[in-house]
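The structure appears right after this line, and notes come after that.
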Amino acid sequence: MRSLIKIVSHIQTDEAIRFVESPESGGIVTFIGTVRNQTQGKPVLKLFFESYEPMALLEMEKIARQAAVQWNVQHIAIIHATGEKLPGEEVVVIAVAAPHRGAAFAACQYAIDTLKETVPIWKREFFEDGAVWVAAHP
Amino acid sequence: MRSLIKIVSHIQTDEAIRFVESPESGGIVTFIGTVRNQTQGKPVLKLFFESYEPMALLEMEKIARQAAVQWNVQHIAIIHATGEKLPGEEVVVIAVAAPHRGAAFAACQYAIDTLKETVPIWKREFFEDGAVWVAAHP
Amino acid sequence: MKIMFFGITKELAGGPSLDVPLQPATVGELRGWLMERYPAMKNLRAVMIAVNKTYAGDAQPLAEGDEVAVIPPLSGG
Amino acid sequence: MKIMFFGITKELAGGPSLDVPLQPATVGELRGWLMERYPAMKNLRAVMIAVNKTYAGDAQPLAEGDEVAVIPPLSGG
């Protein structure tokens with residue numbers, strides 16, 4: 001298995017796809033997360049992402065290893081952006097190549113679901129009337 | 001909903017992703033099918049894809065409409081290649097944008113599963129010792 | 001009535017299209033005529049018939065001017 | 001012992017890191033000290049502690065030189 005795990009200031013979707021493509025695998029599933037222009041109807045001006053980078057990279061590597069073991073994933077790329085992001089900009093891309101497409105779908109969904117639960121990255125949402133750290137409070 | 005439905009001689013993955021991206025949607029799931037370099041251990045030299053194009057486009061549009069109705073898909077692109085394709089080359093790309101990522105995963109998997117079952121496209125596999133129309137015989 | 005062939009059926013029929021001498025009344029009748037004329041088509045996993053770009057059951061009537069296509073097992077994607 | 005803060009805890013602590021005057025014996029002891037010093041952290045949905053870049057339970061012992069981070073609720077992706 002090849003894996004590409006990165007935290008960057010600007011996402012290149014294509015880099016993730018090219019990394020996992022190979023003549024040995026027949027199917028690639030990707031998830032791309034972008035900044036939405038509203039949250040529950042309230043316009044979002046921008047987001048700011050902060051990470052605890054060395055730990056975030058380790059947790060992303062754990063996700064890649066688990067995907068390889070559980071779904072026989074051949075190659076996986078997990079790239080997350082940090083810093084300021086405007087609506088429409090890409091925040092995260094995950095690309096998974098596997099011999100069977102069902103496995104590629106399952107592994108890609110596992111990867112994004114788990115990333116949101118375990119990878120130390122935080123998002124601050126900026127509105128016209130202020131800003132909040134997302135999900136911080138109950 | 002915007003939909004992009006095409007049969008082309010050369011796939012541009014990026015075109016499908018850019019088409020479905022928008023500040024209104026937060027998640028994009030894509031499936032990319034590429035030519036494998038072997039089938040059950042036998043080296044594949046190349047593939048040839050043929051379509052009944054006007055009907056194939058109609059069936060692809062049905063898939064897009066069903067995805068919109070069933071999973072609230074915002075935008076969808078379904079692009080299939082025809083003609084000669086070498087190992088590693090892209091054959092099909094499906095990109096789906098939806099408000100919730102679970103829906104985007106489900107709709108994208110539905111789209112590729114259904115494409116394989118209903119869209120009139122045929123694949124001929126070329127080996128060193130001959131060629132076969134895939135799945136033609138029991 | 002003219003019918004179109006694709007994929008392996010194009011090879012078995014020796015070309016992309018054919019003028020059927022009689023006008024079959026239904027899809028089933030056309031299917032019977034095809035299987036008699038091209039017995040090798042019986043060995044295929046399945047053969048569907050599309051009428052005016054839509055899959056059609058054997059009971060469907062055929063009219064002159066219908067766009068009829070012979071659809072061997074699919075393998076796109 | 002030095003601890004790092006991220007996200008909203010960085011704001012509540014008034015900076016990215018802090019020297020804890022006493023050496024807490026366990027993660028739980030550190031947590032208690034933090035909640036006393038920064039009561040607003042009690043209002044967060046959850047606060048996890050990572051030791052040497054791994055999530056740690058309250059029972060885990062702490063040693064001098066450990067890399068300790070305060071992890072407020074995650075919101076990546």
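We name chains A, B, ... following the order of the structure tokens; residues begin at 1 in each chain, and ligands are numbered from 1 as shown.
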Taking only C-alpha atoms into account, which residues of chain B are within 12 Å of chain C, as a ChimeraX atom specification? /B:7,31-35,47-60,62,78-83,90-94,109,111-125,131-138
Selection from above, C-alpha atoms, as a short mmCIF file (atom, residue, chain, number, x, y, z; two decimals), in the first residue's frame, can you write it?
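Generated file (part_13.cif):
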data_model
loop_
_atom_site.label_atom_id
_atom_site.label_comp_id
_atom_site.auth_asym_id
_atom_site.auth_seq_id
_atom_site.Cartn_x
_atom_site.Cartn_y
_atom_site.Cartn_z
CA ILE B 7 -19.97 10.10 -23.57
CA PHE B 31 -16.11 7.26 -8.41
CA ILE B 32 -13.41 6.87 -11.05
CA GLY B 33 -13.14 3.62 -12.97
CA THR B 34 -9.84 2.87 -14.67
CA VAL B 35 -8.59 0.07 -16.92
CA LEU B 47 -9.95 -2.35 -23.85
CA PHE B 48 -12.37 -1.17 -26.46
CA PHE B 49 -15.68 0.44 -25.42
CA GLU B 50 -18.68 0.74 -27.68
CA SER B 51 -21.99 2.40 -26.83
CA TYR B 52 -25.49 2.78 -28.22
CA GLU B 53 -24.96 6.43 -27.55
CA PRO B 54 -28.41 8.06 -27.69
CA MET B 55 -29.93 5.36 -25.48
CA ALA B 56 -26.89 5.31 -23.16
CA LEU B 57 -27.30 9.05 -22.58
CA LEU B 58 -31.00 8.59 -21.78
CA GLU B 59 -30.21 5.82 -19.28
CA MET B 60 -27.51 7.95 -17.68
CA LYS B 62 -32.46 8.42 -15.61
CA ILE B 78 -21.69 11.11 -15.21
CA ILE B 79 -19.06 10.83 -17.94
CA HIS B 80 -18.19 7.60 -19.75
CA ALA B 81 -15.44 7.06 -22.30
CA THR B 82 -15.70 5.02 -25.50
CA GLY B 83 -13.07 3.81 -27.94
CA GLU B 90 -9.95 6.40 -17.01
CA VAL B 91 -13.16 4.82 -18.29
CA VAL B 92 -15.87 6.42 -16.20
CA VAL B 93 -16.18 9.22 -13.69
CA ILE B 94 -19.20 9.98 -11.54
CA GLN B 109 -22.55 4.03 -5.40
CA ALA B 111 -25.05 5.59 -9.87
CA ILE B 112 -22.09 3.34 -10.74
CA ASP B 113 -23.94 0.13 -9.76
CA THR B 114 -26.93 1.10 -11.91
CA LEU B 115 -24.78 2.32 -14.82
CA LYS B 116 -23.25 -1.16 -15.03
CA GLU B 117 -26.73 -2.73 -15.08
CA THR B 118 -28.68 -0.45 -17.40
CA VAL B 119 -26.48 1.73 -19.64
CA PRO B 120 -25.91 0.20 -23.10
CA ILE B 121 -22.10 0.19 -23.23
CA TRP B 122 -19.95 -2.81 -24.08
CA LYS B 123 -16.35 -3.60 -23.30
CA ARG B 124 -14.03 -5.77 -25.38
CA GLU B 125 -10.92 -7.01 -23.59
CA ALA B 131 -10.17 -10.74 -27.42
CA VAL B 132 -13.53 -11.20 -25.71
CA TRP B 133 -16.68 -9.17 -25.21
CA VAL B 134 -16.84 -8.99 -21.42
CA ALA B 135 -19.75 -10.78 -19.69
CA ALA B 136 -21.34 -11.78 -23.01
CA HIS B 137 -21.40 -15.50 -22.23
CA PRO B 138 -22.49 -17.23 -19.01
#
Could you list, as a PyMOL selection string, every residue of chain B that has an atom within 7 Å of an atom of chain A, counting only C-alpha atoms? chain B and resi 22-37+87-88
Could you pull out the alpha helix (DSSP H) residues of range 79-134 of chain A from DSSP and send them as a ChimeraX atom specification? /A:101-118
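We find CA of Met48 in chain C and CA of Leu22 in chain C to be spaced 19.9 Å apart.
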Which distance in Å separates CA of Phe126 in chain B and CA of Ile3 in chain C, to one decimal? 27.5 Å
Write out as a compact mmCIF listing (two decimals) with N, CA and C atoms, in the first residue's frame all residues of chain B that backbone DSSP assigns to strand (DSSP E or B).
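Full text of out-v8.txt as output:
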# COMPACT_ATOMS: atom_id res chain seq x y z
N ARG B 2 -28.16 20.54 -11.15
CA ARG B 2 -27.43 20.57 -12.42
C ARG B 2 -26.96 19.16 -12.71
N SER B 3 -27.06 18.72 -13.96
CA SER B 3 -26.45 17.44 -14.30
C SER B 3 -25.65 17.53 -15.59
N LEU B 4 -24.53 16.84 -15.60
CA LEU B 4 -23.65 16.80 -16.77
C LEU B 4 -23.55 15.33 -17.18
N ILE B 5 -24.07 15.01 -18.35
CA ILE B 5 -24.13 13.62 -18.81
C ILE B 5 -23.43 13.58 -20.16
N LYS B 6 -22.34 12.82 -20.25
CA LYS B 6 -21.59 12.83 -21.51
C LYS B 6 -20.97 11.47 -21.81
N ILE B 7 -20.81 11.20 -23.11
CA ILE B 7 -19.97 10.10 -23.57
C ILE B 7 -18.88 10.74 -24.41
N VAL B 8 -17.63 10.45 -24.05
CA VAL B 8 -16.50 11.17 -24.65
C VAL B 8 -15.40 10.18 -25.03
N GLY B 27 -20.25 18.44 0.49
CA GLY B 27 -19.54 17.18 0.27
C GLY B 27 -19.71 16.67 -1.14
N ILE B 28 -18.59 16.23 -1.73
CA ILE B 28 -18.61 15.65 -3.07
C ILE B 28 -18.00 14.27 -2.99
N VAL B 29 -18.70 13.27 -3.54
CA VAL B 29 -18.14 11.93 -3.64
C VAL B 29 -17.99 11.61 -5.12
N THR B 30 -16.82 11.07 -5.49
CA THR B 30 -16.62 10.68 -6.88
C THR B 30 -16.22 9.22 -6.97
N PHE B 31 -16.62 8.59 -8.05
CA PHE B 31 -16.11 7.26 -8.41
C PHE B 31 -15.40 7.41 -9.74
N ILE B 32 -14.18 6.87 -9.81
CA ILE B 32 -13.41 6.87 -11.05
C ILE B 32 -13.06 5.43 -11.37
N GLY B 33 -13.48 4.98 -12.53
CA GLY B 33 -13.14 3.62 -12.97
C GLY B 33 -12.01 3.69 -13.97
N THR B 34 -10.99 2.88 -13.76
CA THR B 34 -9.84 2.87 -14.67
C THR B 34 -9.65 1.46 -15.23
N GLN B 38 -4.94 -6.41 -15.67
CA GLN B 38 -5.14 -7.85 -15.73
C GLN B 38 -6.58 -8.20 -15.37
N THR B 39 -7.03 -9.35 -15.87
CA THR B 39 -8.33 -9.90 -15.52
C THR B 39 -8.09 -11.32 -15.04
N LYS B 42 -4.72 -12.65 -15.91
CA LYS B 42 -4.30 -12.64 -17.32
C LYS B 42 -4.05 -11.20 -17.77
N PRO B 43 -2.85 -10.91 -18.29
CA PRO B 43 -2.54 -9.53 -18.67
C PRO B 43 -3.49 -8.99 -19.74
N LYS B 46 -5.37 -3.97 -23.80
CA LYS B 46 -6.18 -2.76 -23.96
C LYS B 46 -7.65 -3.15 -23.90
N LEU B 47 -8.50 -2.15 -23.78
CA LEU B 47 -9.95 -2.35 -23.85
C LEU B 47 -10.49 -1.54 -25.01
N PHE B 48 -11.64 -1.98 -25.48
CA PHE B 48 -12.37 -1.17 -26.46
C PHE B 48 -13.81 -1.04 -25.97
N PHE B 49 -14.30 0.19 -25.87
CA PHE B 49 -15.68 0.44 -25.42
C PHE B 49 -16.53 0.94 -26.57
N GLU B 50 -17.71 0.32 -26.67
CA GLU B 50 -18.68 0.74 -27.68
C GLU B 50 -19.97 1.09 -26.97
N SER B 51 -20.71 2.07 -27.46
CA SER B 51 -21.99 2.40 -26.83
C SER B 51 -23.09 2.56 -27.88
N HIS B 75 -26.00 18.25 -7.35
CA HIS B 75 -25.42 18.27 -8.69
C HIS B 75 -24.78 16.92 -8.95
N ILE B 76 -24.83 16.47 -10.21
CA ILE B 76 -24.24 15.16 -10.55
C ILE B 76 -23.64 15.22 -11.94
N ALA B 77 -22.49 14.60 -12.10
CA ALA B 77 -21.85 14.46 -13.41
C ALA B 77 -21.58 12.98 -13.64
N ILE B 78 -21.95 12.50 -14.82
CA ILE B 78 -21.69 11.11 -15.21
C ILE B 78 -21.05 11.16 -16.59
N ILE B 79 -19.78 10.78 -16.67
CA ILE B 79 -19.06 10.83 -17.94
C ILE B 79 -18.47 9.45 -18.20
N HIS B 80 -18.74 8.91 -19.38
CA HIS B 80 -18.19 7.60 -19.75
C HIS B 80 -17.37 7.75 -21.02
N ALA B 81 -16.28 7.02 -21.10
CA ALA B 81 -15.44 7.06 -22.30
C ALA B 81 -15.82 5.91 -23.23
N GLY B 83 -14.28 3.94 -27.12
CA GLY B 83 -13.07 3.81 -27.94
C GLY B 83 -12.01 2.99 -27.21
N GLU B 84 -10.78 3.08 -27.70
CA GLU B 84 -9.68 2.29 -27.12
C GLU B 84 -9.14 2.91 -25.84
N LYS B 85 -8.93 2.07 -24.83
CA LYS B 85 -8.39 2.54 -23.55
C LYS B 85 -7.28 1.60 -23.09
N GLU B 90 -8.65 6.26 -17.64
CA GLU B 90 -9.95 6.40 -17.01
C GLU B 90 -11.08 6.07 -17.98
N VAL B 91 -12.06 5.32 -17.48
CA VAL B 91 -13.16 4.82 -18.29
C VAL B 91 -14.45 5.53 -17.93
N VAL B 92 -14.62 5.80 -16.66
CA VAL B 92 -15.87 6.42 -16.20
C VAL B 92 -15.56 7.29 -14.99
N VAL B 93 -16.26 8.41 -14.91
CA VAL B 93 -16.18 9.22 -13.69
C VAL B 93 -17.60 9.68 -13.35
N ILE B 94 -17.91 9.52 -12.06
CA ILE B 94 -19.20 9.98 -11.54
C ILE B 94 -18.91 10.87 -10.35
N ALA B 95 -19.44 12.08 -10.36
CA ALA B 95 -19.25 13.00 -9.23
C ALA B 95 -20.60 13.46 -8.73
N VAL B 96 -20.78 13.42 -7.42
CA VAL B 96 -22.07 13.72 -6.80
C VAL B 96 -21.87 14.72 -5.67
N ALA B 97 -22.64 15.79 -5.68
CA ALA B 97 -22.63 16.74 -4.57
C ALA B 97 -23.97 16.67 -3.86
N ALA B 98 -23.92 16.57 -2.54
CA ALA B 98 -25.15 16.49 -1.75
C ALA B 98 -24.93 17.23 -0.44
N ILE B 121 -23.52 0.03 -22.89
CA ILE B 121 -22.10 0.19 -23.23
C ILE B 121 -21.47 -1.19 -23.11
N TRP B 122 -20.57 -1.49 -24.04
CA TRP B 122 -19.95 -2.81 -24.08
C TRP B 122 -18.44 -2.68 -24.13
N LYS B 123 -17.80 -3.64 -23.47
CA LYS B 123 -16.35 -3.60 -23.30
C LYS B 123 -15.75 -4.85 -23.93
N ARG B 124 -14.75 -4.65 -24.79
CA ARG B 124 -14.03 -5.77 -25.38
C ARG B 124 -12.63 -5.76 -24.79
N GLU B 125 -12.24 -6.90 -24.22
CA GLU B 125 -10.92 -7.01 -23.59
C GLU B 125 -9.96 -7.69 -24.56
N PHE B 126 -8.78 -7.07 -24.74
CA PHE B 126 -7.76 -7.62 -25.64
C PHE B 126 -6.63 -8.23 -24.82
N PHE B 127 -6.39 -9.52 -25.05
CA PHE B 127 -5.28 -10.23 -24.41
C PHE B 127 -4.23 -10.54 -25.48
N GLY B 130 -5.89 -13.07 -27.94
CA GLY B 130 -7.23 -12.88 -28.49
C GLY B 130 -8.01 -11.82 -27.75
N ALA B 131 -9.32 -11.78 -28.02
CA ALA B 131 -10.17 -10.74 -27.42
C ALA B 131 -11.53 -11.33 -27.10
N VAL B 132 -12.17 -10.77 -26.06
CA VAL B 132 -13.53 -11.20 -25.71
C VAL B 132 -14.39 -9.99 -25.38
N TRP B 133 -15.70 -10.13 -25.70
CA TRP B 133 -16.68 -9.17 -25.21
C TRP B 133 -17.00 -9.56 -23.77
Would you mind reading off the distance between CA of Glu36 in chain C and CA of Leu62 in chain C, one decimal, in Å?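 Those two atoms sit 18.7 Å apart.
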